[in-house]
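See structure below.
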There are 2 protein chains.
Amino acid sequence: MKSCYTELSGGVCTPRDFLAGGIHCGIKAGASKRDLALVYSTKPCTSAAVFTTNRVEAANITVSRKHSRGGTIRAVIANSGNANACTGAAGLEAARRMAALTAEKLGIPAEETAVASTGVIGVPLPLEKIEAGMDALAASISASEAGQDAALEAIMTTDTRKKAAAVEFVLPAQVSPQTGETRPHTIRIGAMVKGSGMIHPNMATMIGIITTDAAVSAPLLDKALRRAVNRSFNRLTVDGDMSTNDMVLIMANGAAGFGMDAAVNIPIETEGPAYEAFAAALEGICITLTRQMARDGEGATRLLTVTVKGAASEEDAALLARSAAGSSLVKAAIFGADANWGRVLCALGYSGAASFNPEKTAVSFSSLAGSIEVCKNGGSVPFSEETAKKILLEEEIEIQVTVGEGDGEASAWGCDLSYDYVKINGDYRS
Amino acid sequence: MKSCYTELSGGVCTPRDFLAGGIHCGIKAGASKRDLALVYSTKPCTSAAVFTTNRVEAANITVSRKHSRGGTIRAVIANSGNANACTGAAGLEAARRMAALTAEKLGIPAEETAVASTGVIGVPLPLEKIEAGMDALAASISASEAGQDAALEAIMTTDTRKKAAAVEFVLPAQVSPQTGETRPHTIRIGAMVKGSGMIHPNMATMIGIITTDAAVSAPLLDKALRRAVNRSFNRLTVDGDMSTNDMVLIMANGAAGFGMDAAVNIPIETEGPAYEAFAAALEGICITLTRQMARDGEGATRLLTVTVKGAASEEDAALLARSAAGSSLVKAAIFGADANWGRVLCALGYSGAASFNPEKTAVSFSSLAGSIEVCKNGGSVPFSEETAKKILLEEEIEIQVTVGEGDGEASAWGCDLSYDYVKINGDYRS
């Protein structure tokens, strides 16, 4: 089901009653670089989260995973400059303290707080700097764009762009149990993410904080989040590495309501049109952010979308699309604006999809400059190299693959592989 | 079991009664570039081969796979400049013709001929050029070093170095069924390989031709080859892409014999000390070539070996070693001589090994300049960045990982990720 939602300029503070802020507490060198963020709902929330599947899990992930089980997270403290990973018992204690300090400052239980960390691995977290910054952090939060921007800036590492998005949509008519009134009402979802390298299926090194003023039960929030992440962040690949610190978290505070009256916001507690509308909008915002992340892949000069149609299943389509989007050789060809479709076919061949027959496969390259078919029935078709080059020199490239197996469809996102990727990662710690 | 074998300078013509040669037939532009090779045993052979697992399989692979089933391959024709992949029915017919032309020229059955191709995908193979070159090709073969070199040159693409190796070893005493004599005898194995990009576990775009004057039954040859490939080429990773054209083939012509009398060369037909000695020497030569390939990874400035000890099994050790050797972030750090052990730990964390506990893991960096422990019990240990830098600036780097799970050991090989990798692959076809 496609939802009708409107993209807004905004972020985590677009939904009602969410505050955000960020400060420089000293984890990052250079006094001008913000490194500590807070996002907070003034009302209780339901929540859901997905975390890294890496066996090397940062301390903050262990703490957040535990707190997240309650489904009532309403505050996230996040730092950049230090991943608090491979930091042993002291790291775990530091992550717990971050949650406790935040909870204390906001007057909420520690279990309603999540902790996000990103940065260098294996260096002890300078907890004393965070502790010293807590007053300033709490004072920095507001519902303003400035607060939202400060929070976003404070979670960035090698990101070169701020990545935020917001949507609003109207929920189908629901009857209010309080008033008996039947009226559609407007819901907002806002989000901010960081991440540009170490990005791969299963969403490596990204932090995603999503807010909504919908009222959604924790189990349905979890279901909608997993589906959205699976179709967006999990189909993004920058370099094949999966981080120790990934998390995507959503908090729903139910503050939307009919008109301005939050008290009558009807909770989404069963699957149906309201849930579907919410889940589709959540998926939409996650895809928007996925594209922003791919565009900001370390050293990226081009956004690459691979769309596979006609696969035996959505899973197969996703495997095929991710394999092509993740191939170093395809990525290097895109960097060179080289219509090397053989590399695409080759990457499809090792994708692991259950059904794939090269002889039923066609490949086209598309961009704003046009579209050109370069491979049909697994073989070459005559095409103008000049036209192909023109298409591939655009900033946003789509590789369209059709395989004749069924009606499974999926897209995956990535970027080209450039000199700068190597430069950025050759000496990250310096 | 460790074999005692001696490395010789040499290649496919080091074992007795193998001939090799190579010519320029015109597939590659530039009259000076050889592009067609032939390796041939003047005696009948037993043979074994392993091929790409990519679903997109080049036409030559289809033909060679079929012929290889007989276990009697004694000639390999190989071309560079064109992969004959994604070329449809015409491509398959061209591959068949290459085998037939070779067989005809040598006066052997077509089923005793294998075909190797490497180069650009999706472009029709110019069979007429190969056909026109057959006389010159047949005339070029000899048992000389020049012939061996010409063959090797003719299968290179982006390779910057010729990769060949030879070993000799003495088989444990065997009783000759003809003479009743008990005497150890000397066996030689020679090999040549090509491959520098698109290299990944399951040995992407490589061609390996191995010759031996041992007499080994086809089933045991197959067993020894699979073990050797699994412990060498399959543990090499350059960029995570798997080619459509991989093959490694071994031909055993039994020409070694006691003294100079080939007639009394005793066949290895059962497992035992003779088989073990042969298999170990074969594994040794494959590892030597694997290291040569890693060192020549596209754009590589450093050879990276990752050795894992103390894993629950050899399989786990291999998964862990390959994951670290294949991580773009680890590779970029090695390029930058940056002792970023957190990236190593992170890559171990997503390896998929059945047993892995970061808290029992230690990491050291080693080279000719020394060795330094950088991580213990999954956390940082104080180390001199200066010393680490000195170690990492050497050409051959080893990352030594110890995990406390058992006594499984494995090595994997790779290289750093440099600007030049991107340059080489950004416009390969031009």
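If you're wondering about the labels, chains in the structure tokens are A, B, ... by order shown, residues count from 1 in each chain, ligands from 1 in order shown.
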
Report the residues of region 22-253 of chain A whose backbone DSSP state falls under alpha helix (DSSP H), written as a VMD selection string. chain A and resid 59 to 68 88 to 106 127 to 140 145 to 154 218 to 230

With a distance cut-off of 12 Å and only C-alpha atoms, select the neighbouring residues of Asp222 (chain A), excluding the residue or stretch itself and same-chain residues fewer than 4 positions from it, and output the selection as a list in words. Thr46, Ser47, Ala48, Ala49, Val50, Ser68, Arg69, Gly70, Gly71, Thr72, Val216, Ser217, Ala218, Arg226, Arg227, Ala228, Val229, Val248, Leu249, Ile250, Met251, Ala252, Glu269, Tyr275, Ala279 and Leu282 of chain A

Contact residues around Glu385 (chain A) with only C-alpha atoms at 10 Å, ignoring same-chain residues under 6 positions, as a list in words: Asp338, Ala339, Ile372, Val374 and Ile391 of chain A

Closest to Gly91 (chain B) among B:Asn60, B:Thr212, B:Thr6, B:Ser117, using only C-alpha atoms? B:Asn60

Region 114-357 of chain B: residues DSSP assigns to strand (DSSP E), reported as number ranges by chain: B: 114-120, 163-175, 182-194, 207-212, 247-252, 303-311

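Counting from CA of Ser411 (chain A), the distance to CA of Ala321 (chain A) is 6.0 Å.
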
Restricting the calculation to only C-alpha atoms, which member of A:Gly342, A:Gly408, A:Gly122, A:Gly26 is positioned closest to Glu314 (chain A)?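 With only C-alpha atoms as the atom set, the closest residue is A:Gly408.
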
Between CA of Gly406 (chain B) and CA of Ala347 (chain B), what is the distance in Å, rounded to a tenth?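 A separation of 19.8 Å between them.
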
Please provide the set of residues having any atom within 6 Å of Asp213 (chain A), restricted to only C-alpha atoms, with same-chain residues fewer than 2 positions apart removed, written as a ChimeraX atom specification. /A:15-16,188,252-256
